[in-house]
>>> print(open('upload_24.cif').read())   # mmCIF, C-alpha atoms
data_final
loop_
_atom_site.label_atom_id
_atom_site.label_comp_id
_atom_site.auth_asym_id
_atom_site.auth_seq_id
_atom_site.Cartn_x
_atom_site.Cartn_y
_atom_site.Cartn_z
CA MET A 19 0.85 -9.43 4.56
CA PHE A 20 -1.47 -6.47 5.04
CA PRO A 21 -5.27 -6.97 5.20
CA ARG A 22 -7.35 -5.78 2.31
CA PRO A 23 -9.36 -2.59 2.88
CA LEU A 24 -13.10 -2.62 3.28
CA ALA A 25 -15.57 -1.30 0.74
CA PRO A 26 -14.84 2.28 -0.47
CA VAL A 27 -16.11 5.27 1.42
CA ALA A 28 -17.26 8.48 -0.16
CA VAL A 29 -15.30 11.10 1.75
CA ARG A 30 -12.81 11.42 4.55
CA GLY A 31 -15.25 13.55 6.55
CA ALA A 32 -14.95 16.18 9.23
CA GLU A 33 -12.51 16.60 12.04
CA MET A 34 -12.43 14.17 14.91
CA GLY A 35 -12.78 16.77 17.65
CA ALA A 36 -10.79 17.49 20.81
CA THR A 37 -7.80 15.30 21.51
CA SER A 38 -5.79 14.39 24.56
CA VAL A 39 -2.57 16.34 24.96
CA ARG A 40 -0.76 13.69 26.98
CA ARG A 41 2.74 13.02 25.69
CA ALA A 42 2.46 15.88 23.21
CA ALA A 43 5.70 16.39 21.32
CA VAL A 44 6.60 20.04 21.74
CA PRO A 45 9.73 21.51 20.15
CA ALA A 46 12.50 22.16 22.65
CA ARG A 47 12.40 25.84 21.71
CA MET A 48 9.00 26.03 23.44
CA ARG A 49 10.36 24.76 26.74
CA GLY A 50 12.18 26.54 29.52
CA GLY A 51 15.27 25.26 31.24
CA SER A 52 13.22 23.47 33.88
CA GLY A 53 11.00 21.79 31.30
CA THR A 54 8.13 24.22 31.92
CA MET A 55 6.04 24.92 28.85
CA LEU A 56 6.61 28.38 27.44
CA LEU A 57 3.85 27.94 24.89
CA PRO A 58 0.54 27.98 26.86
CA SER A 59 -1.77 25.04 26.43
CA MET A 60 -4.53 27.47 25.43
CA LEU A 61 -2.47 28.51 22.43
CA MET A 62 -2.19 24.89 21.32
CA PHE A 63 -5.92 24.53 21.78
CA GLY A 64 -6.40 27.68 19.75
CA VAL A 65 -4.27 26.27 16.95
CA ILE A 66 -6.48 23.20 16.75
CA VAL A 67 -9.67 25.22 16.81
CA ALA A 68 -8.38 27.79 14.31
CA SER A 69 -7.16 25.12 11.92
CA SER A 70 -10.46 23.24 12.06
CA GLY A 71 -12.48 26.44 11.82
CA LEU A 72 -10.62 27.71 8.78
CA LEU A 73 -11.04 24.41 7.00
CA LEU A 74 -14.76 24.50 7.73
CA MET A 75 -14.89 28.02 6.31
CA ILE A 76 -13.18 26.81 3.15
CA GLU A 77 -15.73 24.03 2.75
CA ARG A 78 -18.59 26.51 3.10
CA GLY A 79 -17.04 29.02 0.73
CA ILE A 80 -16.84 31.75 3.35
CA LEU A 81 -13.25 32.60 2.38
CA ALA A 82 -13.90 32.57 -1.36
CA GLU A 83 -13.41 36.33 -1.64
CA VAL A 84 -10.29 36.54 0.51
CA LYS A 85 -7.39 37.24 -1.83
CA PRO A 86 -4.32 38.55 0.02
CA PRO A 87 -0.99 38.04 -1.70
CA PRO A 88 0.21 34.43 -1.30
CA LEU A 89 3.83 33.48 -0.64
CA HIS A 90 4.20 32.59 -4.31
CA PRO A 91 3.06 34.21 -7.61
CA PRO A 92 -0.43 33.40 -8.95
CA HIS A 93 -0.48 30.14 -10.90
CA GLY A 94 -1.66 31.90 -14.04
CA ASP A 95 1.57 33.88 -14.28
CA LEU A 96 3.52 30.82 -15.39
CA ALA A 97 3.42 28.24 -18.13
CA TRP A 98 2.34 24.76 -17.07
CA ARG A 99 4.21 21.59 -17.85
CA SER A 100 1.77 18.83 -16.99
CA SER A 101 0.50 18.57 -20.58
CA GLY A 102 3.52 20.14 -22.22
CA ASP A 103 1.53 23.22 -23.27
CA THR A 104 0.90 26.61 -21.71
CA ARG A 105 -2.53 26.75 -20.13
CA ALA A 106 -4.45 28.88 -17.67
CA VAL A 107 -5.45 27.48 -14.33
CA ALA A 108 -9.10 26.46 -14.22
CA SER A 109 -11.49 28.43 -12.05
CA GLU A 110 -11.97 25.41 -9.78
CA ASP A 111 -8.41 25.96 -8.54
CA MET A 112 -9.76 28.84 -6.47
CA ASP A 113 -10.40 26.44 -3.57
CA TYR A 114 -6.77 25.39 -3.61
CA GLN A 115 -5.57 28.98 -3.69
CA VAL A 116 -7.71 29.66 -0.63
CA LEU A 117 -6.18 26.61 1.08
CA GLN A 118 -2.70 27.93 0.26
CA ASP A 119 -3.64 31.27 1.76
CA VAL A 120 -4.96 29.62 4.93
CA ARG A 121 -1.77 27.59 5.16
CA ASN A 122 0.43 30.65 4.68
CA ARG A 123 -1.52 32.69 7.20
CA THR A 124 -1.42 29.89 9.77
CA VAL A 125 2.34 29.46 9.39
CA ARG A 126 2.92 33.21 9.74
CA THR A 127 0.65 33.46 12.79
CA MET A 128 2.05 30.46 14.62
CA CYS A 129 5.65 31.22 13.74
CA GLY A 130 5.21 34.83 14.79
CA GLN A 131 4.75 33.76 18.40
CA LYS A 132 7.46 35.03 20.73
CA ASN A 133 8.71 31.63 21.82
CA MET A 134 8.92 30.07 18.36
CA PRO A 135 12.33 29.95 16.62
CA HIS A 136 12.79 32.68 14.02
CA SER A 137 16.03 31.44 12.46
CA ILE A 138 18.00 28.21 12.36
CA TRP A 139 20.57 29.76 14.68
CA GLU A 140 17.93 29.91 17.42
CA LEU A 141 17.45 26.14 17.24
CA SER A 142 19.22 23.69 19.52
CA ALA A 143 22.26 21.96 18.01
CA GLY A 144 20.27 18.78 17.46
CA GLN A 145 17.32 20.54 15.83
CA ARG A 146 19.63 22.54 13.58
CA LYS A 147 21.52 19.41 12.54
CA THR A 148 18.27 17.68 11.57
CA VAL A 149 16.93 20.49 9.39
CA LEU A 150 20.27 21.25 7.71
CA ARG A 151 20.77 17.63 6.72
CA HIS A 152 17.31 17.62 5.14
CA ILE A 153 17.76 20.74 3.03
CA LEU A 154 19.15 20.05 -0.43
CA VAL A 155 20.90 22.77 -2.41
CA SER A 156 20.95 23.70 -6.07
CA ASP A 157 23.46 26.51 -6.51
CA LYS A 158 22.98 26.55 -10.28
CA TYR A 159 19.25 27.22 -9.98
CA ARG A 160 19.46 28.97 -6.61
CA PHE A 161 16.92 27.00 -4.62
CA LEU A 162 16.72 25.01 -1.39
CA TYR A 163 14.43 22.01 -1.00
CA CYS A 164 13.69 20.46 2.39
CA TYR A 165 12.94 16.84 1.68
CA VAL A 166 10.37 14.93 3.70
CA PRO A 167 10.49 11.13 3.44
CA LYS A 168 7.24 9.60 2.18
CA VAL A 169 6.36 12.83 0.36
CA ALA A 170 7.88 11.99 -3.05
CA CYS A 171 11.37 12.99 -1.95
CA SER A 172 13.05 10.29 -4.10
CA ASN A 173 11.69 11.85 -7.27
CA TRP A 174 12.80 15.29 -6.18
CA LYS A 175 16.28 13.91 -5.55
CA ARG A 176 16.26 12.52 -9.08
CA ILE A 177 15.42 15.97 -10.39
CA LEU A 178 18.23 17.56 -8.39
CA LYS A 179 20.68 15.03 -9.81
CA VAL A 180 19.51 15.74 -13.36
CA LEU A 181 19.82 19.50 -12.79
CA ALA A 182 23.36 18.95 -11.49
CA GLY A 183 24.28 16.79 -14.50
CA ALA A 184 24.83 13.66 -12.39
CA LEU A 185 21.87 11.83 -13.93
CA GLU A 186 20.84 11.73 -17.59
CA ASN A 187 17.10 11.99 -17.01
CA VAL A 188 14.53 11.48 -14.26
CA ASN A 189 13.29 8.18 -15.69
CA VAL A 190 16.61 6.33 -15.54
CA LYS A 191 15.93 2.99 -13.84
CA LEU A 192 18.36 2.58 -10.98
CA LYS A 193 18.24 2.25 -7.22
CA MET A 194 18.13 5.69 -5.67
CA ASP A 195 21.31 6.73 -3.87
CA HIS A 196 20.10 9.21 -1.26
CA LYS A 197 23.54 10.66 -0.51
CA ASN A 198 25.89 10.78 -3.50
CA ASP A 199 25.62 13.59 -6.08
CA LEU A 200 23.46 15.64 -3.73
CA VAL A 201 24.49 18.84 -1.94
CA PHE A 202 23.24 19.27 1.63
CA LEU A 203 23.05 22.64 3.33
CA GLY A 204 24.49 21.06 6.47
CA ASP A 205 27.80 20.44 4.69
CA MET A 206 28.40 24.17 4.29
CA LYS A 207 29.96 26.82 6.51
CA PRO A 208 27.71 29.08 8.63
CA ASP A 209 28.13 32.13 6.38
CA GLU A 210 27.40 30.02 3.29
CA ILE A 211 24.30 28.61 4.99
CA SER A 212 23.03 32.06 5.99
CA TYR A 213 23.57 33.45 2.49
CA ARG A 214 21.57 30.68 0.82
CA LEU A 215 18.76 30.84 3.37
CA LYS A 216 18.45 34.57 2.74
CA HIS A 217 18.77 34.67 -1.05
CA TYR A 218 17.64 31.30 -2.45
CA TYR A 219 14.10 30.19 -3.27
CA LYS A 220 12.97 27.72 -0.59
CA PHE A 221 10.23 25.12 -0.81
CA ILE A 222 8.84 22.07 0.93
CA PHE A 223 6.18 19.46 0.15
CA VAL A 224 3.78 18.27 2.84
CA ARG A 225 1.27 15.44 3.22
CA ASP A 226 -1.63 14.46 5.47
CA PRO A 227 0.20 13.30 8.65
CA MET A 228 -1.79 10.09 9.18
CA GLU A 229 -1.55 9.15 5.51
CA ARG A 230 2.20 9.68 5.64
CA LEU A 231 2.51 7.47 8.73
CA LEU A 232 0.49 4.71 7.10
CA SER A 233 2.64 4.93 3.98
CA ALA A 234 5.79 4.61 6.09
CA TYR A 235 4.34 1.66 8.00
CA ARG A 236 3.29 -0.29 4.90
CA ASN A 237 6.57 0.37 3.11
CA LYS A 238 9.09 -0.14 5.90
CA PHE A 239 7.47 -3.05 7.74
CA GLY A 240 5.89 -4.69 4.73
CA GLU A 241 8.76 -4.47 2.25
CA ILE A 242 12.11 -3.41 3.76
CA LYS A 243 14.04 -6.13 5.59
CA GLU A 244 16.42 -3.65 7.19
CA TYR A 245 13.57 -1.84 8.93
CA GLN A 246 11.86 -5.08 9.94
CA LEU A 247 15.02 -6.24 11.73
CA LYS A 248 16.04 -2.87 13.17
CA TYR A 249 12.64 -1.58 14.32
CA GLY A 250 10.09 -4.36 13.81
CA VAL A 251 11.70 -6.94 16.09
CA GLU A 252 12.03 -4.38 18.89
CA ILE A 253 8.43 -3.18 18.49
CA VAL A 254 7.10 -6.73 18.75
CA LYS A 255 9.13 -7.38 21.90
CA ARG A 256 8.05 -4.15 23.48
CA TYR A 257 4.32 -4.16 22.78
CA ARG A 258 3.19 -7.75 22.33
CA LYS A 259 2.08 -9.51 25.50
CA SER A 260 3.26 -12.95 24.47
CA PRO A 261 5.82 -12.31 21.74
CA ARG A 262 6.95 -15.33 19.82
CA LYS A 263 10.10 -15.20 17.77
CA SER A 264 9.50 -12.52 15.14
CA THR A 265 11.48 -11.31 12.14
CA GLY A 266 9.76 -7.92 12.39
CA ASP A 267 7.58 -8.32 9.31
CA ASP A 268 4.37 -8.85 11.29
CA VAL A 269 4.21 -5.53 13.16
CA THR A 270 0.61 -4.35 13.39
CA PHE A 271 -0.38 -0.75 12.71
CA SER A 272 -1.49 -0.38 16.34
CA GLU A 273 1.89 -1.58 17.58
CA PHE A 274 3.59 0.89 15.27
CA LEU A 275 1.48 3.77 16.62
CA ARG A 276 2.23 2.73 20.22
CA TYR A 277 5.91 2.84 19.36
CA LEU A 278 5.55 6.37 17.94
CA LEU A 279 3.66 7.45 21.03
CA ASP A 280 6.61 6.50 23.23
CA GLU A 281 9.29 7.97 20.97
CA ASP A 282 10.84 11.43 21.31
CA ALA A 283 9.80 13.31 18.17
CA GLU A 284 13.25 14.85 17.79
CA ARG A 285 14.95 11.44 17.82
CA MET A 286 12.57 9.59 15.52
CA ASN A 287 13.56 7.97 12.26
CA GLU A 288 13.09 10.52 9.47
CA HIS A 289 10.36 8.44 7.80
CA TRP A 290 7.96 9.12 10.66
CA MET A 291 9.45 12.19 12.30
CA PRO A 292 6.93 15.09 12.18
CA ILE A 293 7.45 17.42 9.22
CA TYR A 294 7.78 20.31 11.65
CA ASN A 295 10.84 18.72 13.26
CA LEU A 296 12.36 17.75 9.91
CA CYS A 297 12.09 21.12 8.17
CA GLN A 298 11.46 23.70 10.94
CA PRO A 299 9.05 25.97 8.99
CA CYS A 300 9.31 28.66 11.66
CA ALA A 301 13.10 28.85 11.54
CA VAL A 302 13.17 28.66 7.73
CA ARG A 303 10.78 30.89 5.78
CA TYR A 304 9.70 28.68 2.89
CA ASP A 305 8.54 30.55 -0.21
CA PHE A 306 6.28 27.71 -1.32
CA ILE A 307 4.54 24.87 0.50
CA GLY A 308 3.55 22.21 -2.01
CA SER A 309 0.98 19.49 -1.44
CA TYR A 310 1.37 15.78 -2.00
CA GLU A 311 -2.28 15.82 -3.04
CA ARG A 312 -1.38 18.05 -6.02
CA LEU A 313 2.11 16.70 -6.48
CA ASN A 314 2.58 16.99 -10.23
CA VAL A 315 0.93 20.39 -10.54
CA ASP A 316 2.85 21.94 -7.65
CA ALA A 317 6.12 20.27 -8.64
CA ASN A 318 5.91 21.55 -12.19
CA TYR A 319 5.09 25.00 -10.86
CA ILE A 320 8.36 24.88 -8.90
CA LEU A 321 10.35 23.73 -11.93
CA GLU A 322 8.91 26.60 -13.95
CA HIS A 323 9.63 29.09 -11.20
CA VAL A 324 13.31 28.14 -10.85
CA GLN A 325 13.62 28.14 -14.66
CA ALA A 326 14.64 24.51 -14.95
CA PRO A 327 15.09 23.22 -18.54
CA SER A 328 11.71 22.58 -20.17
CA PHE A 329 12.49 18.90 -20.82
CA ILE A 330 12.60 18.22 -17.07
CA ARG A 331 9.21 17.22 -15.77
CA PHE A 332 8.29 15.63 -12.49
CA PRO A 333 8.47 11.82 -12.85
CA GLU A 334 5.29 9.82 -13.22
CA ARG A 335 4.39 7.44 -10.43
CA GLN A 336 6.08 4.06 -10.81
CA SER A 337 3.78 1.18 -11.80
CA TRP A 338 4.84 -0.89 -8.80
CA TYR A 339 4.00 1.85 -6.29
CA LYS A 340 1.02 1.09 -4.04
CA PRO A 341 -0.52 4.42 -3.00
CA VAL A 342 -2.39 4.96 0.24
CA THR A 343 -5.97 5.51 -0.85
CA ARG A 344 -8.79 7.01 1.18
CA GLU A 345 -10.25 3.55 1.49
CA THR A 346 -6.99 2.11 2.79
CA LEU A 347 -6.55 4.90 5.34
CA HIS A 348 -10.19 4.53 6.40
CA TYR A 349 -9.68 0.80 6.97
CA TYR A 350 -6.58 1.17 9.13
CA LEU A 351 -7.83 4.11 11.20
CA CYS A 352 -11.24 2.57 11.85
CA ASN A 353 -9.65 -0.71 12.92
CA THR A 354 -7.32 0.96 15.40
CA GLN A 355 -8.25 1.89 18.97
CA ARG A 356 -9.60 5.43 18.98
CA GLY A 357 -7.85 6.22 22.23
CA LEU A 358 -4.49 5.34 20.70
CA ILE A 359 -5.02 7.69 17.76
CA LYS A 360 -6.24 10.48 20.05
CA GLU A 361 -3.12 10.13 22.20
CA LEU A 362 -0.84 10.24 19.16
CA LEU A 363 -2.36 13.32 17.49
CA PRO A 364 -0.69 15.91 19.78
CA LYS A 365 2.70 14.65 18.63
CA TYR A 366 1.80 15.64 15.06
CA ILE A 367 -0.53 18.54 15.86
CA LEU A 368 1.81 21.17 14.37
CA ASP A 369 1.80 19.28 11.07
CA PHE A 370 -2.00 19.19 11.07
CA SER A 371 -2.35 22.82 12.09
CA LEU A 372 0.42 24.58 10.18
CA PHE A 373 -0.32 22.81 6.91
CA ALA A 374 -4.13 22.92 7.25
CA TYR A 375 -4.93 19.22 7.31
CA PRO A 376 -8.14 18.13 9.06
CA LEU A 377 -7.83 15.83 12.04
CA PRO A 378 -8.76 12.24 11.14
CA ASN A 379 -12.40 11.27 11.43
CA ILE A 380 -12.78 8.06 13.45
CA THR A 381 -16.31 8.56 14.69
CA SER A 382 -18.52 5.49 14.86
CA GLU A 383 -20.82 6.89 12.19
CA PHE A 384 -17.97 7.48 9.76
CA CYS A 385 -16.37 4.12 10.38
CA ARG A 386 -19.64 2.33 9.69
CA GLN A 387 -19.62 3.62 6.13
#
>>> encode(input="upload_24.cif", output="structure tokens")
Amino acid sequence: MFPRPLAPVAVRGAEMGATSVRRAAVPARMRGGSGTMLLPSMLMFGVIVASSGLLLMIERGILAEVKPPPLHPPHGDLAWRSSGDTRAVASEDMDYQVLQDVRNRTVRTMCGQKNMPHSIWELSAGQRKTVLRHILVSDKYRFLYCYVPKVACSNWKRILKVLAGALENVNVKLKMDHKNDLVFLGDMKPDEISYRLKHYYKFIFVRDPMERLLSAYRNKFGEIKEYQLKYGVEIVKRYRKSPRKSTGDDVTFSEFLRYLLDEDAERMNEHWMPIYNLCQPCAVRYDFIGSYERLNVDANYILEHVQAPSFIRFPERQSWYKPVTRETLHYYLCNTQRGLIKELLPKYILDFSLFAYPLPNITSEFCRQ
């Protein structure tokens, strides 16, 4: 049902520029009792500028010599699983190590602000419930994984089930059960939670926010009847001027974005809730932030680090999976009202800034390509 993308484009391009901050989704921790912002707007502006500036510096190689200790050991210290043999990381991985450093520095700087939460116990009850029900536990291998829907979380759940002995191998063909045979941190007592947060290895995987939203839109409204009926029908009624009877499978991307714009970030469905709200990277100090863009490499690094059995490798992408390509994202963004995208960005600005993703380029020049 979705339109085919236009001709390929060469690159995603530079940042879009300043955005409107109307309806920005700001964590409750940043607000006072009267609703007054505790985090100054200038700080938010600074986050945007700093994030964009650092990415520009990476592109120009200015940070090539910056080598402070990252939050995880150098890649070369471990054996690699992607080919089944031990190999050294190629020199071209330097750019990615710089990106990791920028990401780590940004998280530390932002999360070091006075009004940001510094532990899960400083979160509101609702915020704490959300993050704890998204952190999966492996007591045998002593790690915590905060899963983010639409960032390969199903495959990570398969791995956790194999490590726990509930699944024979990661390639077993069966419908994923997202609850059974998994241990959630939220099911534990406060002292058990605190112990694991302090002593276990913690990691998260992130993805370009707009790409993740497009993936959720195409999957949920293009393939999943439950979501079409639960969310699609309501979206059509709410945002279509002359809505005819709809089964929710014809929601446009613009209508979906309008819906997100009007939703409270802390009450969103997990498939499009901002990563910040899902995993609270300020309240939980993650030891490793993996990238969807380097999924297999980063995933196998994690498996090596936690000393998982050598036969366990991150699953290959299923043949039926339809990835969001640069061309697909370009098509949808450039065929959506720019004002709508600009209004939505503040709701996901912490995901862009903390995880060093450039703001989407929707300039006329770029969209003509």
>>> resolve_selection(input="upload_24.cif", expression="the PyMOL selection byres ((chain A and resi 218-227) around 6)", output="MDAnalysis selection string")
chainID A and resid 160:164 214:215 217 228:230 304:310
>>> residues_around(input="upload_24.cif", residues="A:Glu273", least_positions_apart="6", cutoff="8 Å", atoms="only C-alpha atoms", output="list of chain:residue names")
A:Ile253, A:Val254, A:Tyr257, A:Arg258
>>> resolve_selection(input="upload_24.cif", expression="the PyMOL selection byres ((chain A and resi 346-352) around 7)", output="list in words")
Pro23, Leu24, Glu229, Val342, Thr343, Arg344, Glu345, Asn353, Thr354, Ile380 and Cys385 of chain A
>>> closest_residue(input="upload_24.cif", among="A:Asp316, A:Asp111, A:Asp282, A:Glu288", to="A:Val166", atoms="all atoms listed in the file")
A:Glu288
>>> resolve_selection(input="upload_24.cif", expression="the PyMOL selection byres ((chain A and resi 181-189) around 12)", output="ChimeraX atom specification")
/A:154-161,172-180,190-195,198-201,321,324-336
>>> atom_distance(input="upload_24.cif", atom1="atom CA of A:Asn318", atom2="atom CA of A:Cys171")
14.4 Å
>>> closest_residue(input="upload_24.cif", among="A:Asn379, A:Asn295, A:Thr265, A:Gln387", to="A:Lys365", atoms="only C-alpha atoms")
A:Asn295
>>> closest_residue(input="upload_24.cif", among="A:Met286, A:Thr381, A:Arg312, A:His136", to="A:Gln115", atoms="only C-alpha atoms")
A:Arg312
>>> atom_distance(input="upload_24.cif", atom1="atom CA of A:Glu311", atom2="atom CA of A:Val149")
23.4 Å
>>> decode(input="upload_24.cif", residues="stretch 201-218 of chain A", atoms="N, CA and C atoms", output="PDB file, in the first residue's frame")
ATOM      1  N   VAL A 201      13.404 -12.279  31.553  1.00  0.00           N
ATOM      2  CA  VAL A 201      13.413 -11.721  32.907  1.00  0.00           C
ATOM      3  C   VAL A 201      13.510 -10.205  32.811  1.00  0.00           C
ATOM      4  N   PHE A 202      12.537  -9.515  33.401  1.00  0.00           N
ATOM      5  CA  PHE A 202      12.501  -8.058  33.352  1.00  0.00           C
ATOM      6  C   PHE A 202      12.943  -7.486  34.698  1.00  0.00           C
ATOM      7  N   LEU A 203      13.723  -6.436  34.648  1.00  0.00           N
ATOM      8  CA  LEU A 203      14.218  -5.819  35.871  1.00  0.00           C
ATOM      9  C   LEU A 203      13.062  -5.315  36.729  1.00  0.00           C
ATOM     10  N   GLY A 204      11.974  -4.915  36.081  1.00  0.00           N
ATOM     11  CA  GLY A 204      10.825  -4.399  36.820  1.00  0.00           C
ATOM     12  C   GLY A 204      10.112  -5.423  37.672  1.00  0.00           C
ATOM     13  N   ASP A 205      10.397  -6.708  37.456  1.00  0.00           N
ATOM     14  CA  ASP A 205       9.764  -7.766  38.251  1.00  0.00           C
ATOM     15  C   ASP A 205      10.519  -8.052  39.542  1.00  0.00           C
ATOM     16  N   MET A 206      11.613  -7.313  39.768  1.00  0.00           N
ATOM     17  CA  MET A 206      12.450  -7.584  40.934  1.00  0.00           C
ATOM     18  C   MET A 206      12.212  -6.579  42.050  1.00  0.00           C
ATOM     19  N   LYS A 207      12.706  -6.903  43.228  1.00  0.00           N
ATOM     20  CA  LYS A 207      12.577  -6.029  44.393  1.00  0.00           C
ATOM     21  C   LYS A 207      13.576  -4.887  44.284  1.00  0.00           C
ATOM     22  N   PRO A 208      13.309  -3.758  44.962  1.00  0.00           N
ATOM     23  CA  PRO A 208      14.188  -2.591  44.864  1.00  0.00           C
ATOM     24  C   PRO A 208      15.664  -2.877  45.126  1.00  0.00           C
ATOM     25  N   ASP A 209      15.964  -3.680  46.156  1.00  0.00           N
ATOM     26  CA  ASP A 209      17.376  -3.963  46.441  1.00  0.00           C
ATOM     27  C   ASP A 209      17.995  -4.831  45.351  1.00  0.00           C
ATOM     28  N   GLU A 210      17.209  -5.721  44.754  1.00  0.00           N
ATOM     29  CA  GLU A 210      17.707  -6.550  43.661  1.00  0.00           C
ATOM     30  C   GLU A 210      17.945  -5.697  42.407  1.00  0.00           C
ATOM     31  N   ILE A 211      17.069  -4.720  42.195  1.00  0.00           N
ATOM     32  CA  ILE A 211      17.217  -3.810  41.065  1.00  0.00           C
ATOM     33  C   ILE A 211      18.483  -2.978  41.225  1.00  0.00           C
ATOM     34  N   SER A 212      18.669  -2.405  42.406  1.00  0.00           N
ATOM     35  CA  SER A 212      19.829  -1.547  42.662  1.00  0.00           C
ATOM     36  C   SER A 212      21.134  -2.319  42.499  1.00  0.00           C
ATOM     37  N   TYR A 213      21.158  -3.554  42.998  1.00  0.00           N
ATOM     38  CA  TYR A 213      22.374  -4.365  42.892  1.00  0.00           C
ATOM     39  C   TYR A 213      22.746  -4.592  41.435  1.00  0.00           C
ATOM     40  N   ARG A 214      21.782  -4.963  40.626  1.00  0.00           N
ATOM     41  CA  ARG A 214      22.071  -5.257  39.214  1.00  0.00           C
ATOM     42  C   ARG A 214      22.461  -3.998  38.440  1.00  0.00           C
ATOM     43  N   LEU A 215      21.811  -2.885  38.740  1.00  0.00           N
ATOM     44  CA  LEU A 215      22.173  -1.637  38.074  1.00  0.00           C
ATOM     45  C   LEU A 215      23.598  -1.206  38.423  1.00  0.00           C
ATOM     46  N   LYS A 216      24.038  -1.548  39.610  1.00  0.00           N
ATOM     47  CA  LYS A 216      25.380  -1.155  40.047  1.00  0.00           C
ATOM     48  C   LYS A 216      26.458  -2.100  39.534  1.00  0.00           C
ATOM     49  N   HIS A 217      26.158  -3.395  39.465  1.00  0.00           N
ATOM     50  CA  HIS A 217      27.214  -4.378  39.208  1.00  0.00           C
ATOM     51  C   HIS A 217      27.164  -5.040  37.825  1.00  0.00           C
ATOM     52  N   TYR A 218      26.052  -4.968  37.129  1.00  0.00           N
ATOM     53  CA  TYR A 218      25.948  -5.655  35.843  1.00  0.00           C
ATOM     54  C   TYR A 218      26.364  -4.749  34.691  1.00  0.00           C
TER      55      TYR A 218
END
